[in-house]
Every structure is written in C-alpha cells, then in structure tokens.
file upload_34.cif (mmCIF, C-alpha atoms)
data_my_file
loop_
_atom_site.label_atom_id
_atom_site.label_comp_id
_atom_site.auth_asym_id
_atom_site.auth_seq_id
_atom_site.Cartn_x
_atom_site.Cartn_y
_atom_site.Cartn_z
CA MET A 1 -6.11 3.69 -23.80
CA ILE A 2 -9.10 4.07 -26.13
CA CYS A 3 -11.04 7.29 -26.46
CA THR A 4 -14.44 7.32 -28.14
CA MET A 5 -16.09 10.57 -29.08
CA LYS A 6 -19.27 11.36 -30.94
CA ALA A 7 -18.69 14.10 -33.46
CA GLY A 8 -20.42 15.42 -36.51
CA VAL A 9 -19.24 16.33 -39.91
CA PHE A 10 -20.83 19.75 -39.50
CA LEU A 11 -17.69 21.64 -40.40
CA GLY A 12 -16.74 19.84 -43.61
CA GLN A 13 -13.30 18.73 -44.75
CA GLY A 14 -12.65 17.07 -41.40
CA TRP A 15 -13.05 20.21 -39.27
CA GLY A 16 -15.82 18.68 -37.17
CA ILE A 17 -13.78 15.69 -36.10
CA VAL A 18 -10.62 17.75 -35.62
CA LEU A 19 -12.43 20.38 -33.56
CA ALA A 20 -14.14 17.72 -31.46
CA SER A 21 -10.70 16.17 -30.91
CA LEU A 22 -9.35 19.53 -29.79
CA LEU A 23 -12.09 19.83 -27.24
CA ALA A 24 -12.14 16.25 -25.97
CA ALA A 25 -9.99 15.37 -22.99
CA CYS A 26 -9.16 11.72 -23.44
CA ASP A 27 -7.17 11.19 -20.31
CA GLN A 28 -9.27 8.38 -18.93
CA PRO A 29 -9.81 4.87 -20.32
CA GLU A 30 -13.00 4.52 -22.34
CA THR A 31 -13.74 8.25 -22.15
CA SER A 32 -16.74 9.36 -24.18
CA VAL A 33 -17.35 12.92 -25.31
CA THR A 34 -20.48 14.08 -27.12
CA ALA A 35 -20.76 17.33 -29.07
CA PRO A 36 -24.20 18.82 -29.89
CA ILE A 37 -24.16 18.57 -33.68
CA ALA A 38 -26.12 17.29 -36.62
CA GLU A 39 -25.25 14.10 -38.48
CA PRO A 40 -23.49 12.29 -35.60
CA VAL A 41 -20.72 9.84 -36.32
CA THR A 42 -18.75 7.85 -33.75
CA VAL A 43 -14.96 7.93 -33.95
CA THR A 44 -12.84 5.53 -31.91
CA VAL A 45 -9.14 6.23 -31.57
CA ASN A 46 -6.65 3.78 -30.13
CA SER A 47 -3.76 5.64 -28.48
CA ALA A 48 -1.28 3.22 -30.06
CA GLU A 49 -2.44 4.43 -33.47
CA VAL A 50 -2.32 8.10 -32.46
CA ASN A 51 1.36 7.74 -31.62
CA ARG A 52 2.03 6.96 -35.31
CA ILE A 53 0.97 10.48 -36.28
CA PRO A 54 4.03 12.74 -36.56
CA ALA A 55 4.44 14.82 -33.41
CA SER A 56 4.23 18.06 -35.39
CA ARG A 57 0.69 17.15 -36.53
CA GLN A 58 -0.66 15.92 -33.18
CA PHE A 59 -2.79 18.14 -30.99
CA ASN A 60 -1.45 18.54 -27.53
CA ILE A 61 -2.06 21.10 -24.89
CA GLY A 62 1.32 22.73 -25.65
CA ASN A 63 0.20 23.74 -29.14
CA THR A 64 -1.17 27.27 -28.95
CA ASN A 65 -1.30 28.39 -32.60
CA TYR A 66 -4.02 27.07 -34.90
CA LEU A 67 -4.90 27.92 -38.46
CA PHE A 68 -8.23 27.39 -40.25
CA ASP A 69 -8.29 27.48 -44.04
CA VAL A 70 -11.80 28.85 -44.70
CA SER A 71 -12.78 28.13 -48.28
CA ASN A 72 -15.79 26.43 -49.88
CA HIS A 73 -17.77 25.79 -46.72
CA SER A 74 -21.42 26.35 -46.04
CA LEU A 75 -22.63 29.30 -44.02
CA GLU A 76 -23.86 26.84 -41.39
CA GLU A 77 -20.41 25.21 -41.14
CA LEU A 78 -18.65 28.51 -40.57
CA GLN A 79 -21.34 29.63 -38.10
CA ALA A 80 -20.95 26.35 -36.18
CA LEU A 81 -17.16 26.74 -36.09
CA LEU A 82 -17.37 30.31 -34.77
CA GLN A 83 -19.99 29.35 -32.19
CA ARG A 84 -17.77 26.52 -30.95
CA VAL A 85 -14.78 28.87 -30.74
CA ASP A 86 -16.99 31.29 -28.79
CA GLU A 87 -17.99 28.50 -26.37
CA ILE A 88 -14.35 27.55 -25.88
CA SER A 89 -13.38 31.17 -25.24
CA ARG A 90 -16.06 31.48 -22.56
CA SER A 91 -14.95 28.32 -20.80
CA ASP A 92 -12.15 28.04 -18.30
CA MET A 93 -9.14 29.22 -20.32
CA ILE A 94 -6.61 29.08 -17.48
CA GLY A 95 -3.36 27.87 -18.96
CA HIS A 96 -4.52 28.65 -22.51
CA GLU A 97 -4.05 32.41 -22.55
CA ASP A 98 -1.54 32.08 -25.41
CA LEU A 99 -4.05 30.35 -27.69
CA GLU A 100 -4.07 31.90 -31.17
CA ILE A 101 -6.58 30.99 -33.87
CA VAL A 102 -6.16 32.45 -37.36
CA MET A 103 -8.91 32.04 -39.96
CA ILE A 104 -8.14 32.85 -43.58
CA LEU A 105 -11.03 33.41 -46.00
CA HIS A 106 -10.13 32.74 -49.61
CA GLY A 107 -13.11 31.44 -51.50
CA PRO A 108 -16.78 32.12 -52.04
CA ASP A 109 -17.10 32.32 -48.25
CA ILE A 110 -15.86 35.92 -48.58
CA GLU A 111 -19.25 36.90 -50.03
CA TRP A 112 -20.98 36.33 -46.66
CA PHE A 113 -18.99 39.19 -45.15
CA ARG A 114 -19.82 41.75 -47.85
CA GLN A 115 -21.57 44.85 -46.58
CA GLU A 116 -24.51 44.20 -48.93
CA ASN A 117 -25.04 40.79 -47.26
CA TYR A 118 -24.89 42.06 -43.68
CA GLU A 119 -28.63 41.81 -42.95
CA GLN A 120 -28.83 38.14 -44.05
CA ASN A 121 -25.58 37.23 -42.26
CA ARG A 122 -25.74 39.58 -39.28
CA GLN A 123 -25.35 36.80 -36.70
CA LEU A 124 -22.24 35.36 -38.41
CA ILE A 125 -20.58 38.74 -38.99
CA ASP A 126 -21.33 40.06 -35.49
CA LEU A 127 -19.99 36.87 -33.89
CA ALA A 128 -16.81 36.99 -36.00
CA ALA A 129 -16.37 40.68 -35.17
CA ARG A 130 -16.78 40.04 -31.43
CA LEU A 131 -14.33 37.12 -31.45
CA ASP A 132 -11.82 39.17 -33.41
CA SER A 133 -12.20 42.22 -31.16
CA TYR A 134 -11.54 40.08 -28.07
CA ALA A 135 -8.47 38.59 -29.81
CA VAL A 136 -10.00 35.09 -29.74
CA ILE A 137 -9.54 34.80 -33.51
CA ASP A 138 -7.68 36.74 -36.15
CA MET A 139 -9.67 36.84 -39.41
CA LYS A 140 -7.84 37.42 -42.67
CA VAL A 141 -8.94 37.52 -46.30
CA CYS A 142 -7.04 36.76 -49.50
CA GLU A 143 -6.71 39.78 -51.82
CA VAL A 144 -6.35 37.54 -54.89
CA ALA A 145 -9.63 35.79 -54.07
CA MET A 146 -11.25 39.16 -53.42
CA ASP A 147 -10.15 40.37 -56.87
CA THR A 148 -11.43 37.17 -58.48
CA LEU A 149 -14.83 37.63 -56.80
CA GLY A 150 -14.93 41.37 -57.48
CA VAL A 151 -14.94 42.24 -53.77
CA ARG A 152 -13.31 45.48 -52.63
CA GLN A 153 -11.74 45.83 -49.17
CA GLU A 154 -14.15 48.62 -48.22
CA GLU A 155 -17.06 46.18 -48.78
CA LEU A 156 -15.79 43.98 -45.92
CA PRO A 157 -15.84 44.68 -42.18
CA PRO A 158 -12.69 46.46 -40.99
CA PHE A 159 -11.78 43.65 -38.57
CA ILE A 160 -10.93 41.34 -41.50
CA GLU A 161 -7.27 41.88 -42.38
CA PRO A 162 -6.29 41.50 -46.04
CA VAL A 163 -3.32 39.31 -46.99
CA PRO A 164 -1.87 39.30 -50.51
CA TYR A 165 -2.27 35.56 -51.27
CA ALA A 166 -3.86 32.97 -48.94
CA PRO A 167 -1.62 29.98 -49.89
CA ASP A 168 1.48 32.06 -49.09
CA GLU A 169 -0.01 33.17 -45.76
CA LEU A 170 -0.99 29.59 -44.93
CA LYS A 171 2.56 28.43 -45.65
CA ARG A 172 4.10 31.31 -43.68
CA LEU A 173 1.99 30.57 -40.61
CA THR A 174 2.56 26.82 -40.90
CA ASP A 175 6.31 27.48 -41.10
CA GLU A 176 5.95 29.58 -37.91
CA GLY A 177 4.49 26.56 -36.11
CA TYR A 178 0.75 27.04 -36.57
CA ILE A 179 -1.17 23.78 -36.80
CA ASN A 180 -3.33 23.82 -39.94
CA LEU A 181 -6.71 22.33 -39.15
#

call {"tool": "encode", "arguments": {"input": "upload_34.cif", "output": "structure tokens"}}
result
Amino acid sequence: MICTMKAGVFLGQGWGIVLASLLAACDQPETSVTAPIAEPVTVTVNSAEVNRIPASRQFNIGNTNYLFDVSNHSLEELQALLQRVDEISRSDMIGHEDLEIVMILHGPDIEWFRQENYEQNRQLIDLAARLDSYAVIDMKVCEVAMDTLGVRQEELPPFIEPVPYAPDELKRLTDEGYINL
C-alpha cells in the first residue's frame, strides 16, 4: 500500500511531516491527505519501507504518549503546532481518551511566555493555557534554560511546570514509553 500526503515544513525539524503523519489515516490504497500549511511538500511512503522502522519508533493508534522537544523554533511554528493540537482535540477523540502530549520548552522559545511579552504573544499563550487546562497538553520548562536566559518562574504563566533539566526529563519520559516527535 502507498500513502501520499501533502505536508509542510511549518513546524521545523521534521515536526510538520511527523504531525501530518500522525493525523493521516493511510488505510486505503493511494490515500491522499492534505494539510492547510505553507510551503507544501509531497511525501510518498511505501508501506514496505515503513515496516523497516523499529516498532518502538512507529506511530500506531496504540501509542498514546507523545513528547515534543520545543527548542529553537519560530513563534509561527509553535503557534501552528498548538493550533493543530487544538483541532485534533476538538475532533472525534473516541478511543483516544488516553492521549498524552508533553511539550518541554528549553530554549529561546521560553521568552515568548514571559509576562512582559504577553501582549505580543497573547494568542499563543492563551491557546497553550487552554490546552493545558483541558489536559490536552502538559507544558513544561527547563530550569537550567530559564537560568541561562535570566527568566524567573514567576515571570511565566503558572500552567507551565518547571523541570530541573530538559534532557533528563526527555530521557525519563522516553524511557516511560513516550514517543519523542
């Protein structure tokens, strides 16, 4: 079976293609899925090739824990990711109630969430807060990165949970079975 999807590299570091893959149901021959994004690129996947990917790294409907490493992305990329997660959460989630998405901020992206930047980034922060409050995502921030950037915890929204060191948290969650996207 061959699945062709049109995706964009709007999320950087492969997020766009991975996220489009998560959302595409390729259960029919020659299925085509189009996502509304800038810079379209067509990706064709032959199922014989997909089977060569280790099972632990393949997306399947049984995987319910996902991890996004949020560092060095544009504001637009993060906004697009959160909007897509919001769309998914509003769709028919029957059978996906156990879905967990953890996002860990540990780079200059932290600056967007500072209280002093709220007015410029209101849409992003409000969307992230809503998704977190409805338990659609769990946002975390690296304390080491915060120290490096001179950001104090009280400058960030209370829904963003601090973790001591992002690489350790990423490893811990990966070891617990989260799929790192």

call {"tool": "resolve_selection", "arguments": {"input": "upload_34.cif", "expression": "the PyMOL selection byres ((chain A and resi 144-148) around 12)", "output": "number ranges by chain"}}
result
A: 70-72, 104-111, 113-114, 140-143, 149-156, 162-169

call {"tool": "closest_residue", "arguments": {"input": "upload_34.cif", "among": "A:Met103, A:Ile88, A:Leu181, A:Leu82", "to": "A:Asp126", "atoms": "all atoms listed in the file"}}
result
A:Leu82

call {"tool": "atom_distance", "arguments": {"input": "upload_34.cif", "atom1": "atom CA of A:Val85", "atom2": "atom CA of A:Pro158"}}
result
20.5 Å

call {"tool": "resolve_selection", "arguments": {"input": "upload_34.cif", "expression": "the PyMOL selection byres ((chain A and resi 101) around 9)", "output": "ChimeraX atom specification"}}
result
/A:64-68,99-100,102-103,135-139,178

call {"tool": "atom_distance", "arguments": {"input": "upload_34.cif", "atom1": "atom CA of A:Phe159", "atom2": "atom CA of A:Gln123"}}
result
15.3 Å

call {"tool": "atom_distance", "arguments": {"input": "upload_34.cif", "atom1": "atom CA of A:Asn180", "atom2": "atom CA of A:Asn121"}}
result
26.1 Å

call {"tool": "closest_residue", "arguments": {"input": "upload_34.cif", "among": "A:Glu161, A:Trp112, A:Tyr118, A:Leu131", "to": "A:Leu81", "atoms": "only C-alpha atoms"}}
result
A:Leu131
